[in-house]
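Notes follow once the structure below has been shown.
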Amino acid sequence: MRANTWAGRNKVKVRDVPDPTILNKRDAVVRITSTAICGSDLHLVDGYVPTMQDGDVMGHEFMGEVVEVGPGIDPDRLRVGDRVVVPFPIACGACAACAAELYSCCENSNPNAGIAEKMFGHPVAGIFGYSHLTGGFAGGQAQYARVPFADVGPLKIESDLADEQVLFLSDILPTGYMGAEMCDIQSSDVVAVWGAGPVGQFAMDSARVLGAAEVIAIDKEPYRLQMAERAGHTPVNFEEVDVRSRLLELTGGRGPDKCIDAVGLEATHGSAHIAAYDRLKQAVRLETERPHALRQAIMSCRSGGVVSVIGVYGGLLDKFPAGAWMNRSLTLRTGQCHVQRYMKPLLQRIERGEFDPTRIITHTLALDEAERGFELFKNKQDNCEKVVLKP
Amino acid sequence: MGDLLTGAPAGQVTEIDSLLVVRGICRGESMELTATTTIRKPVPEVYAFWRDLENLPTFMAHLEEVRSTGDRTSHWVAGAPFGKDVEWDAEIVDEVPGEKIVWRSIGDADVPNTGTVRFMPAPDGVSTEVQVVLVYDIPGGTVGKAVAKYFGEEPHQQLDDDLRRFKQVLETGEVVRSDGAPWGKRARKEFPQRPAQPLSDSELAKGADE
Ligand SMILES: NC(=O)c1ccc[n+]([C@@H]2O[C@H](COP(=O)([O-])OP(=O)(O)OC[C@H]3O[C@@H](n4cnc5c(N)ncnc54)[C@H](O)[C@@H]3O)[C@@H](O)[C@H]2O)c1
Ligand SMILES: [Zn+2]
Ligand SMILES: [Zn+2]
């Protein structure tokens with residue numbers, strides 16, 4: 001089959017690789033009809049996630065048709081022919097983490113748990129197409145994918161909703177939603193979201209759906225800010241204004257009640273020398289992150305507020321404003337999304353028209369054009385917000 | 001891989017590494033390994049699975065086969081990591097159903113060893129805490145070398161990984177496989193792994209014994 005693979009730093013390559021087969025009894029094989037490129041893939045391509053190997057099949061946002069099921073799958077749960085969206089964390093459904101609906105912390109789905117444990121203190125779940133640290137599972141930017149624990153994760157789509165309306169249930173819609181849910185939003189809340197990428201856009205929409213009084217979008221890409229503005233959110237361009245002052249202005253001096261970091265470890269900074277400081281430390285491995293958005297969110301949030309982090313971090317960061325966090329009673333919440341927890345309720349919200357996930361799709365390309373898709377998305381060319389690939 | 005916690009390049013001993021190393025204590029020729037895990041199954045089930053010693057090779061990387069030869073005696077065959085043709089007999093010397101099993105090798109075993117496993121109900125009321133202590137008398141010669149090489153610099157990790165698979169088998173039914181680590185039992189030894197892309201027919205045909 002054809003598959004988009006990691007080919008070293010800053011390089012992806014669509015190649016021919018073997019077709020997947022059943023390796024565990026509870027596996028299924030899915031013929032992929034739609035898949036997408038995510039901001040998390042950029043961290044892999046940019047070389048910030050260790051344990052990637054040449055030839056790793058990328059992609060963790062995919063859906064399609066079940067073409068094979070292992071002998072351990074109950075036919076009442078999943079059958080050949082079912083149309084499914086596959087959540088990006090691989091979860092067994094049986095461990096204590098899964099029982100607590102902390103699917104991205106599943107204790108059984110990562111064959112390389114020992115390596116992950118060394119890095120993170122405790123292991124994390126397996127993830128499709130997302131380094132060997134999270135298991136070494138081939139991803140979904142391909143014609144087919146093997147899906148372990150297929151009786152736990154995949155969501156059956158029984159209505160005639162288009163792929164484009166449900167594909168993002170695999171990751172970014174639940175992720176944005178979890179970012180907002182972790183904020184315990186009240187009707188009087190002003191919610192500020194750093195990053196107007198796909199995840200940020202859905203965090204904004206979710207904050208609105210959960211009843212926020214106002215939602216603020218912070219980014220530097222005018223077209224992304226315009227997209228947020230068209231959806232009813234208030235844009236702030238961090239290259240044009242001082243973010244903290246602007247946020248104070250917009251909130252009567254209080255600061256946003258809730259702040260969401262939807263940027264992660266590759267943030268850029270409006271001030272060149274600060275950006276250079278973290279870029280250099282990151283390059284020589286003195287820190288692994290460039291946490292500008294997170295620092296700014298903590299400094300901006302009103303006392304007693306919540307800072308919800310859905311942007312990805314991988315290691316250690318420098319100059320964490322612990323004083324602001326501690327002395328002003330801030331709550332910091334975070335996690336890789338526990339996608340399985342949100343798929344069904346969010347599908348219902350899509351069916352009721354509360355979300356329009358298609359609003360962020362700017363490019364639909366053939367799988368063979370994945371390389372160009374990464375170019376467009378990474379370099380923000382051609383007003384690219386989200387790329388969907390068709391195998 | 002460098003050590004992200006300290007920014008130290010790979011190979012340098014870090015504080016974390018040395019903390020872990022002391023868990024596999026080498027006293028002269030004997031090596032003691034301990035590891036512990038929590039399994040979301042009731043104590044009787046977890047105990048029964050271990051007590052059927054023939055189950056051990058499904059998750060212990062250094063074992064090829066364990067065969068019961070009597071109520072308390074068994075014959076153990078080591079797998080490739082321990083070198084070829086290493087076999088021994090063992091007997092259970094103490095057992096309290098639902099609490100502990102203690103065994104030791106008997107006769108002139110190539111690698112004399114003893115093991116203790118304890119089972120305790122976890123505070124959540126549904127899970128079982130499992131604590132394992134293994135002691136090996138490392139012999140001289142090629143067998144000793146193979147064993148030492150198998151355990152490497154961080155011997156406890158082998159047992160940690162064994163218990164992780166024990167948990168997988170009990171909680172999910174089998175050892176989980178990925179494209180990068182398709183043969184379950186040897187994941188850590190194979191780092192860097194084969195790429196995370198599906199296996200070819202010939203790789204599949206060769207299976208774990210390549
Ligand atoms: N927690 C999860 O489960 C989960 C799931 C999916 C994605 N993610 C992460 O979410 C993050 C965003 O993903 P995406 O697909 O939207 O990526 P993206 O790269 O398209 O979006 C990031 C946006 O942040 C903006 N940005 C950069 N620096 C900024 C700053 N200092 N302040 C404000 N905005 C800034 C960029 O201009 C860009 O528009 C990534 O880190 C991704 O890995 C997390
Ligand atoms: Zn994603
Ligand atoms: Zn689990």
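By convention in this document, the chains of the structure tokens carry letters A, B, ... by their order, each chain's residues are numbered from 1, and ligands are numbered from 1 in the order they are shown.
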Write out as a list in words each polymer residue (protein, DNA or RNA) that has an atom no more than 7 Å from ligand 2, with only C-alpha atoms and all ligand atoms counted. Cys38, Gly39, Ser40, His60, Glu61, Asp171 and Ile172 of chain A
Take the residues from that selection and write them out as a compact mmCIF listing (two decimals), in the first residue's frame, keeping C-alpha atoms.
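Below you can see again_26.txt, which holds the result:
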```txt
# COMPACT_ATOMS: atom_id res chain seq x y z
CA CYS A 38 -2.07 17.52 12.60
CA GLY A 39 0.03 20.10 14.44
CA SER A 40 1.39 17.15 16.41
CA HIS A 60 -3.12 9.58 13.84
CA GLU A 61 -6.32 11.18 12.51
CA ASP A 171 -8.43 13.89 17.63
CA ILE A 172 -8.76 17.65 17.26
```
Would you mind listing what lies within 10 Å of Leu173 in chain A as a PDB file with C-alpha atoms, in the first residue's frame, with only C-alpha atoms counted and same-chain residues fewer than 2 positions away left out?
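Written file, around.pdb:
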```pdb
ATOM      1  CA  VAL A 166     -16.822  13.225  11.535  1.00  0.00           C
ATOM      2  CA  LEU A 167     -13.116  12.743  10.723  1.00  0.00           C
ATOM      3  CA  PHE A 168     -11.968  15.181  13.399  1.00  0.00           C
ATOM      4  CA  LEU A 169     -13.623  13.113  16.121  1.00  0.00           C
ATOM      5  CA  SER A 170     -10.360  11.135  15.864  1.00  0.00           C
ATOM      6  CA  ASP A 171      -8.430  13.890  17.626  1.00  0.00           C
ATOM      7  CA  THR A 175      -8.920  17.740  22.041  1.00  0.00           C
ATOM      8  CA  GLY A 176     -10.288  21.260  21.656  1.00  0.00           C
ATOM      9  CA  TYR A 177     -13.360  20.238  23.613  1.00  0.00           C
ATOM     10  CA  MET A 178     -11.319  18.731  26.448  1.00  0.00           C
ATOM     11  CA  GLY A 179      -9.277  21.944  26.542  1.00  0.00           C
ATOM     12  CA  PRO A 198      -7.158  23.599  14.101  1.00  0.00           C
ATOM     13  CA  VAL A 199      -6.987  22.609  17.780  1.00  0.00           C
ATOM     14  CA  GLY A 200      -7.324  26.211  18.947  1.00  0.00           C
ATOM     15  CA  GLN A 201     -10.306  26.809  16.641  1.00  0.00           C
ATOM     16  CA  PHE A 202     -12.137  23.840  18.133  1.00  0.00           C
ATOM     17  CA  ALA A 203     -11.190  24.878  21.677  1.00  0.00           C
ATOM     18  CA  ASP A 205     -15.948  26.719  19.464  1.00  0.00           C
ATOM     19  CA  SER A 206     -16.145  24.385  22.473  1.00  0.00           C
ATOM     20  CA  CYS A 337      -6.862  13.987  24.891  1.00  0.00           C
ATOM     21  CA  VAL A 339     -10.563  10.906  22.865  1.00  0.00           C
ATOM     22  CA  TYR A 342     -15.729  12.390  23.968  1.00  0.00           C
ATOM     23  CA  MET A 343     -16.458  10.710  20.635  1.00  0.00           C
ATOM     24  CA  LEU A 346     -19.471  15.066  20.294  1.00  0.00           C
ATOM     25  CA  LEU A 347     -20.936  13.050  17.414  1.00  0.00           C
ATOM     26  CA  PHE A 355     -20.354  22.134  15.820  1.00  0.00           C
ATOM     27  CA  PRO A 357     -16.055  20.674  12.029  1.00  0.00           C
TER      28      PRO A 357
END
```
Determine which residues of chain A sit within 8 Å of chain B, taking into account only C-alpha atoms, and present them as a PyMOL selection string. chain A and resi 17-21+23-24+50-51+53-57+92+94-96+108-112+114-115+119+129+131-132+135-139+285-288+315-316
Cut-off 7 Å, only C-alpha atoms and all ligand atoms, neighbours of ligand 1 as a count of residues only: 40
Can I get the residues of chain A within 9 Å of ligand 3, each with the closest pair of atoms and their distance in Å to one decimal, using only C-alpha atoms and all ligand atoms, sorted chain first then ascending number, as CSV?
```
residue,atom,partner,partner_atom_place_in_ligand_line,distance
A:Ile90,CA,ligand 3,1 (Zn),8.2
A:Ala91,CA,ligand 3,1 (Zn),4.7
A:Cys92,CA,ligand 3,1 (Zn),3.9
A:Gly93,CA,ligand 3,1 (Zn),4.7
A:Ala94,CA,ligand 3,1 (Zn),5.1
A:Cys95,CA,ligand 3,1 (Zn),4.2
A:Ala96,CA,ligand 3,1 (Zn),6.7
A:Ala97,CA,ligand 3,1 (Zn),5.7
A:Cys98,CA,ligand 3,1 (Zn),4.4
A:Ala99,CA,ligand 3,1 (Zn),7.4
A:Glu101,CA,ligand 3,1 (Zn),8.9
A:Leu102,CA,ligand 3,1 (Zn),8.2
A:Tyr103,CA,ligand 3,1 (Zn),6.4
A:Ser104,CA,ligand 3,1 (Zn),8.4
A:Cys105,CA,ligand 3,1 (Zn),7.3
A:Cys106,CA,ligand 3,1 (Zn),3.7
A:Glu107,CA,ligand 3,1 (Zn),5.0
A:Asn108,CA,ligand 3,1 (Zn),5.2
A:Ser109,CA,ligand 3,1 (Zn),6.5
A:Ala125,CA,ligand 3,1 (Zn),7.7
```
